[in-house]
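This report refers to the structure that appears directly beneath it.
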Amino acid sequence: MPNEIPPNLSLTRSFLTVLYPLLRIVNAERTISPGKIGILRHLTEHGRATTSELAVAIQVSPQGISLAVREMERLALVARIPDTVDRRKAWIVLTEAGIRKLAEESSAGYGTLDRAIRELLTDDERRTLEAAIPILRRIGAEGRAND
């Protein structure tokens, strides 16, 4: 039948239908965009980066990264450091304020969802959720490997 959804697509659609509201809960308490949080997280995990490297890592256009980095520089969350060898290249580095902001944003985003998990789920449901995390991590890692 032409309008029938293949079983695997149905599972994918159901998964995303559930995931999007959870992401909205996480992002609702945050004061900066998910993209800027991604930049802060990338710099925390990988150290300095160029805007081109950030664009690839965060999967945002180079123009979008440049705009975000300029805004983040104004907020003193990142700094631009000239390369010592190639004067045309600049490194984006995390500042102390950026480290604090990432911690604040992570705490704010996770707090609401953490309360819901603790208050709404039974012990068995929390164990089921915990058991699913490695599976979801593997899906995410595979998705990044194919980029």
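Please note that chains go A, B, ... in the order of the structure tokens, that every chain numbers its residues from 1, and that ligands are numbered from 1 in the order shown.
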Subject >> Residue set, chain A restricted to strand (DSSP E), as an MDAnalysis selection string >> reply: chainID A and resid 78:82 90:94
Subject >> Contact residues around region 45-59 of chain A with only C-alpha atoms at 7 Å, ignoring same-chain residues under 5 positions, as a list in words >> reply: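 Once the adjacent positions are removed, what remains is Gly38, Ile39, Ile65, Ser66, Ala90, Trp91, Ile92 and Val93 of chain A.
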Pull C-alpha atoms from the residues just selected and write them as a PDB file, in the first residue's frame.
```pdb
ATOM      1  CA  GLY A  38      27.644  23.394  21.058  1.00  0.00           C
ATOM      2  CA  ILE A  39      30.543  25.777  20.437  1.00  0.00           C
ATOM      3  CA  ILE A  65      29.683  30.329  13.201  1.00  0.00           C
ATOM      4  CA  SER A  66      31.314  33.695  12.534  1.00  0.00           C
ATOM      5  CA  ALA A  90      42.831  32.950  14.375  1.00  0.00           C
ATOM      6  CA  TRP A  91      42.055  30.446  17.101  1.00  0.00           C
ATOM      7  CA  ILE A  92      38.835  30.565  19.069  1.00  0.00           C
ATOM      8  CA  VAL A  93      39.502  29.732  22.720  1.00  0.00           C
TER       9      VAL A  93
END
```
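For region 99-106 of chain A, the list of residues within 10 Å, based on only C-alpha atoms and with local chain neighbours fewer than 6 positions off taken out, reads Val26, Asn27, Glu29, Arg30, Thr31, Ile32, Ser33, Pro34, Lys36, Ile37, Gly38, Ile39, Leu40, Arg41, Leu43, Thr44, Leu77 and Val78 of chain A.
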Keeping only N, CA and C atoms, write the selected residues to a file as a compact mmCIF listing (two decimals), in the first residue's frame.
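Result written to out_21.txt:
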```
# COMPACT_ATOMS: atom_id res chain seq x y z
N VAL A 26 14.76 20.67 27.79
CA VAL A 26 16.16 20.96 28.12
C VAL A 26 16.53 22.38 27.71
N ASN A 27 16.10 22.81 26.53
CA ASN A 27 16.50 24.13 26.02
C ASN A 27 15.68 25.28 26.59
N GLU A 29 15.09 26.32 29.59
CA GLU A 29 15.71 27.03 30.71
C GLU A 29 17.01 27.73 30.33
N ARG A 30 17.47 27.51 29.13
CA ARG A 30 18.77 28.05 28.72
C ARG A 30 18.64 29.48 28.21
N THR A 31 19.73 30.23 28.35
CA THR A 31 19.72 31.63 27.93
C THR A 31 20.50 31.88 26.65
N ILE A 32 21.21 30.86 26.16
CA ILE A 32 21.89 31.00 24.86
C ILE A 32 21.46 29.83 23.98
N SER A 33 21.67 29.98 22.70
CA SER A 33 21.17 29.00 21.72
C SER A 33 21.91 27.67 21.83
N PRO A 34 21.26 26.60 21.38
CA PRO A 34 21.94 25.30 21.34
C PRO A 34 23.23 25.33 20.53
N LYS A 36 25.35 27.87 20.24
CA LYS A 36 26.41 28.48 21.07
C LYS A 36 26.85 27.51 22.16
N ILE A 37 25.90 26.78 22.71
CA ILE A 37 26.26 25.76 23.70
C ILE A 37 27.14 24.71 23.04
N GLY A 38 26.82 24.35 21.80
CA GLY A 38 27.64 23.39 21.06
C GLY A 38 29.06 23.90 20.86
N ILE A 39 29.21 25.19 20.59
CA ILE A 39 30.54 25.78 20.44
C ILE A 39 31.30 25.69 21.76
N LEU A 40 30.66 26.09 22.84
CA LEU A 40 31.31 26.02 24.16
C LEU A 40 31.69 24.58 24.50
N ARG A 41 30.80 23.65 24.23
CA ARG A 41 31.07 22.25 24.53
C ARG A 41 32.23 21.73 23.69
N LEU A 43 34.71 23.45 22.35
CA LEU A 43 35.96 24.04 22.84
C LEU A 43 36.40 23.41 24.16
N THR A 44 35.44 23.07 25.00
CA THR A 44 35.76 22.41 26.27
C THR A 44 36.37 21.04 26.02
N LEU A 77 32.71 35.10 26.34
CA LEU A 77 32.66 33.65 26.54
C LEU A 77 33.79 32.95 25.78
N VAL A 78 34.23 33.59 24.71
CA VAL A 78 35.37 33.09 23.93
C VAL A 78 36.27 34.27 23.59
```
Residue list (helix (DSSP H, G or I), DSSP) for region 53-121 of chain A, as an mmCIF file with N, CA, C and O atoms, in the first residue's frame:
```
data_model
loop_
_atom_site.group_PDB
_atom_site.id
_atom_site.type_symbol
_atom_site.label_atom_id
_atom_site.label_comp_id
_atom_site.auth_asym_id
_atom_site.auth_seq_id
_atom_site.Cartn_x
_atom_site.Cartn_y
_atom_site.Cartn_z
ATOM 1 N N GLU A 53 36.815 24.975 11.586
ATOM 2 C CA GLU A 53 36.717 23.715 12.331
ATOM 3 C C GLU A 53 35.411 23.665 13.124
ATOM 4 O O GLU A 53 34.750 22.624 13.179
ATOM 5 N N LEU A 54 35.048 24.778 13.728
ATOM 6 C CA LEU A 54 33.803 24.836 14.492
ATOM 7 C C LEU A 54 32.593 24.629 13.584
ATOM 8 O O LEU A 54 31.649 23.934 13.956
ATOM 9 N N ALA A 55 32.624 25.224 12.412
ATOM 10 C CA ALA A 55 31.501 25.080 11.476
ATOM 11 C C ALA A 55 31.280 23.614 11.124
ATOM 12 O O ALA A 55 30.138 23.137 11.105
ATOM 13 N N VAL A 56 32.353 22.888 10.882
ATOM 14 C CA VAL A 56 32.245 21.470 10.551
ATOM 15 C C VAL A 56 31.770 20.682 11.774
ATOM 16 O O VAL A 56 30.851 19.871 11.685
ATOM 17 N N ALA A 57 32.373 20.938 12.918
ATOM 18 C CA ALA A 57 32.054 20.183 14.135
ATOM 19 C C ALA A 57 30.622 20.415 14.599
ATOM 20 O O ALA A 57 29.935 19.483 15.022
ATOM 21 N N ILE A 58 30.152 21.659 14.521
ATOM 22 C CA ILE A 58 28.819 22.010 15.023
ATOM 23 C C ILE A 58 27.767 21.860 13.922
ATOM 24 O O ILE A 58 26.580 21.902 14.188
ATOM 25 N N PRO A 62 29.663 28.455 7.876
ATOM 26 C CA PRO A 62 30.754 29.318 8.328
ATOM 27 C C PRO A 62 30.266 30.716 8.719
ATOM 28 O O PRO A 62 30.746 31.297 9.695
ATOM 29 N N GLN A 63 29.277 31.246 7.986
ATOM 30 C CA GLN A 63 28.730 32.556 8.323
ATOM 31 C C GLN A 63 28.026 32.515 9.673
ATOM 32 O O GLN A 63 28.149 33.446 10.472
ATOM 33 N N GLY A 64 27.278 31.446 9.922
ATOM 34 C CA GLY A 64 26.589 31.291 11.206
ATOM 35 C C GLY A 64 27.569 31.189 12.360
ATOM 36 O O GLY A 64 27.358 31.783 13.424
ATOM 37 N N ILE A 65 28.657 30.456 12.156
ATOM 38 C CA ILE A 65 29.683 30.329 13.201
ATOM 39 C C ILE A 65 30.348 31.668 13.443
ATOM 40 O O ILE A 65 30.556 32.066 14.585
ATOM 41 N N SER A 66 30.669 32.385 12.377
ATOM 42 C CA SER A 66 31.314 33.695 12.534
ATOM 43 C C SER A 66 30.438 34.649 13.339
ATOM 44 O O SER A 66 30.919 35.345 14.240
ATOM 45 N N LEU A 67 29.157 34.668 13.030
ATOM 46 C CA LEU A 67 28.219 35.512 13.762
ATOM 47 C C LEU A 67 28.140 35.086 15.227
ATOM 48 O O LEU A 67 28.217 35.922 16.136
ATOM 49 N N ALA A 68 28.006 33.792 15.470
ATOM 50 C CA ALA A 68 27.915 33.288 16.849
ATOM 51 C C ALA A 68 29.182 33.601 17.627
ATOM 52 O O ALA A 68 29.115 34.041 18.783
ATOM 53 N N VAL A 69 30.338 33.420 17.009
ATOM 54 C CA VAL A 69 31.607 33.689 17.695
ATOM 55 C C VAL A 69 31.733 35.178 18.027
ATOM 56 O O VAL A 69 32.153 35.535 19.127
ATOM 57 N N ARG A 70 31.324 36.039 17.112
ATOM 58 C CA ARG A 70 31.373 37.487 17.402
ATOM 59 C C ARG A 70 30.487 37.831 18.606
ATOM 60 O O ARG A 70 30.882 38.588 19.491
ATOM 61 N N GLU A 71 29.277 37.257 18.628
ATOM 62 C CA GLU A 71 28.377 37.492 19.763
ATOM 63 C C GLU A 71 28.973 36.953 21.058
ATOM 64 O O GLU A 71 28.898 37.595 22.109
ATOM 65 N N MET A 72 29.584 35.788 20.970
ATOM 66 C CA MET A 72 30.178 35.173 22.155
ATOM 67 C C MET A 72 31.420 35.940 22.620
ATOM 68 O O MET A 72 31.698 35.990 23.822
ATOM 69 N N GLU A 73 32.132 36.538 21.684
ATOM 70 C CA GLU A 73 33.269 37.402 22.058
ATOM 71 C C GLU A 73 32.766 38.616 22.832
ATOM 72 O O GLU A 73 33.365 39.006 23.838
ATOM 73 N N ARG A 74 31.655 39.219 22.363
ATOM 74 C CA ARG A 74 31.084 40.376 23.068
ATOM 75 C C ARG A 74 30.661 40.017 24.486
ATOM 76 O O ARG A 74 30.724 40.839 25.386
ATOM 77 N N GLU A 96 37.360 31.826 30.891
ATOM 78 C CA GLU A 96 36.818 31.391 32.186
ATOM 79 C C GLU A 96 35.313 31.643 32.235
ATOM 80 O O GLU A 96 34.555 30.819 32.742
ATOM 81 N N ALA A 97 34.883 32.782 31.699
ATOM 82 C CA ALA A 97 33.444 33.085 31.666
ATOM 83 C C ALA A 97 32.704 32.066 30.803
ATOM 84 O O ALA A 97 31.573 31.676 31.125
ATOM 85 N N GLY A 98 33.325 31.607 29.731
ATOM 86 C CA GLY A 98 32.718 30.594 28.871
ATOM 87 C C GLY A 98 32.573 29.257 29.584
ATOM 88 O O GLY A 98 31.561 28.567 29.432
ATOM 89 N N ILE A 99 33.575 28.902 30.369
ATOM 90 C CA ILE A 99 33.513 27.659 31.155
ATOM 91 C C ILE A 99 32.361 27.739 32.148
ATOM 92 O O ILE A 99 31.566 26.793 32.275
ATOM 93 N N ARG A 100 32.254 28.873 32.841
ATOM 94 C CA ARG A 100 31.167 29.055 33.813
ATOM 95 C C ARG A 100 29.805 29.041 33.121
ATOM 96 O O ARG A 100 28.848 28.435 33.613
ATOM 97 N N LYS A 101 29.709 29.702 31.970
ATOM 98 C CA LYS A 101 28.436 29.766 31.242
ATOM 99 C C LYS A 101 27.992 28.385 30.796
ATOM 100 O O LYS A 101 26.808 28.028 30.910
ATOM 101 N N LEU A 102 28.919 27.568 30.299
ATOM 102 C CA LEU A 102 28.562 26.210 29.881
ATOM 103 C C LEU A 102 28.041 25.416 31.079
ATOM 104 O O LEU A 102 27.037 24.701 30.971
ATOM 105 N N ALA A 103 28.688 25.549 32.217
ATOM 106 C CA ALA A 103 28.235 24.840 33.421
ATOM 107 C C ALA A 103 26.833 25.306 33.819
ATOM 108 O O ALA A 103 25.966 24.486 34.139
ATOM 109 N N GLU A 104 26.600 26.619 33.782
ATOM 110 C CA GLU A 104 25.277 27.169 34.130
ATOM 111 C C GLU A 104 24.204 26.676 33.168
ATOM 112 O O GLU A 104 23.119 26.258 33.583
ATOM 113 N N GLU A 105 24.497 26.749 31.875
ATOM 114 C CA GLU A 105 23.523 26.351 30.861
ATOM 115 C C GLU A 105 23.230 24.857 30.938
ATOM 116 O O GLU A 105 22.083 24.439 30.790
ATOM 117 N N SER A 106 24.249 24.066 31.171
ATOM 118 C CA SER A 106 24.049 22.621 31.293
ATOM 119 C C SER A 106 23.188 22.316 32.511
ATOM 120 O O SER A 106 22.245 21.521 32.430
ATOM 121 N N SER A 107 23.492 22.958 33.608
ATOM 122 C CA SER A 107 22.727 22.738 34.835
ATOM 123 C C SER A 107 21.271 23.144 34.647
ATOM 124 O O SER A 107 20.353 22.410 35.024
ATOM 125 N N ALA A 108 21.049 24.304 34.046
ATOM 126 C CA ALA A 108 19.680 24.786 33.827
ATOM 127 C C ALA A 108 18.928 23.854 32.897
ATOM 128 O O ALA A 108 17.772 23.506 33.140
ATOM 129 N N GLY A 109 19.565 23.419 31.839
ATOM 130 C CA GLY A 109 18.900 22.562 30.866
ATOM 131 C C GLY A 109 18.591 21.186 31.407
ATOM 132 O O GLY A 109 17.539 20.617 31.133
ATOM 133 N N TYR A 110 19.502 20.649 32.190
ATOM 134 C CA TYR A 110 19.314 19.287 32.680
ATOM 135 C C TYR A 110 18.440 19.227 33.917
ATOM 136 O O TYR A 110 17.835 18.198 34.192
ATOM 137 N N GLY A 111 18.354 20.311 34.669
ATOM 138 C CA GLY A 111 17.620 20.307 35.925
ATOM 139 C C GLY A 111 16.162 19.920 35.789
ATOM 140 O O GLY A 111 15.652 19.073 36.527
ATOM 141 N N THR A 112 15.466 20.523 34.859
ATOM 142 C CA THR A 112 14.034 20.247 34.671
ATOM 143 C C THR A 112 13.807 18.802 34.256
ATOM 144 O O THR A 112 12.930 18.119 34.794
ATOM 145 N N LEU A 113 14.610 18.336 33.320
ATOM 146 C CA LEU A 113 14.460 16.960 32.862
ATOM 147 C C LEU A 113 14.834 15.973 33.971
ATOM 148 O O LEU A 113 14.172 14.959 34.158
ATOM 149 N N ASP A 114 15.868 16.296 34.734
ATOM 150 C CA ASP A 114 16.267 15.432 35.851
ATOM 151 C C ASP A 114 15.144 15.313 36.877
ATOM 152 O O ASP A 114 14.841 14.222 37.362
ATOM 153 N N ARG A 115 14.509 16.440 37.190
ATOM 154 C CA ARG A 115 13.374 16.404 38.137
ATOM 155 C C ARG A 115 12.252 15.529 37.602
ATOM 156 O O ARG A 115 11.667 14.736 38.341
ATOM 157 N N ALA A 116 11.956 15.645 36.323
ATOM 158 C CA ALA A 116 10.890 14.829 35.725
ATOM 159 C C ALA A 116 11.240 13.342 35.805
ATOM 160 O O ALA A 116 10.387 12.515 36.147
ATOM 161 N N ILE A 117 12.481 13.010 35.520
ATOM 162 C CA ILE A 117 12.902 11.607 35.590
ATOM 163 C C ILE A 117 12.773 11.083 37.019
ATOM 164 O O ILE A 117 12.262 9.993 37.249
ATOM 165 N N ARG A 118 13.217 11.877 37.982
ATOM 166 C CA ARG A 118 13.148 11.451 39.384
ATOM 167 C C ARG A 118 11.716 11.362 39.896
ATOM 168 O O ARG A 118 11.372 10.437 40.633
ATOM 169 N N GLU A 119 10.873 12.330 39.507
ATOM 170 C CA GLU A 119 9.536 12.423 40.093
ATOM 171 C C GLU A 119 8.456 11.657 39.342
ATOM 172 O O GLU A 119 7.470 11.230 39.944
ATOM 173 N N LEU A 120 8.611 11.488 38.036
ATOM 174 C CA LEU A 120 7.550 10.873 37.250
ATOM 175 C C LEU A 120 7.759 9.389 36.955
ATOM 176 O O LEU A 120 6.792 8.678 36.704
#
```
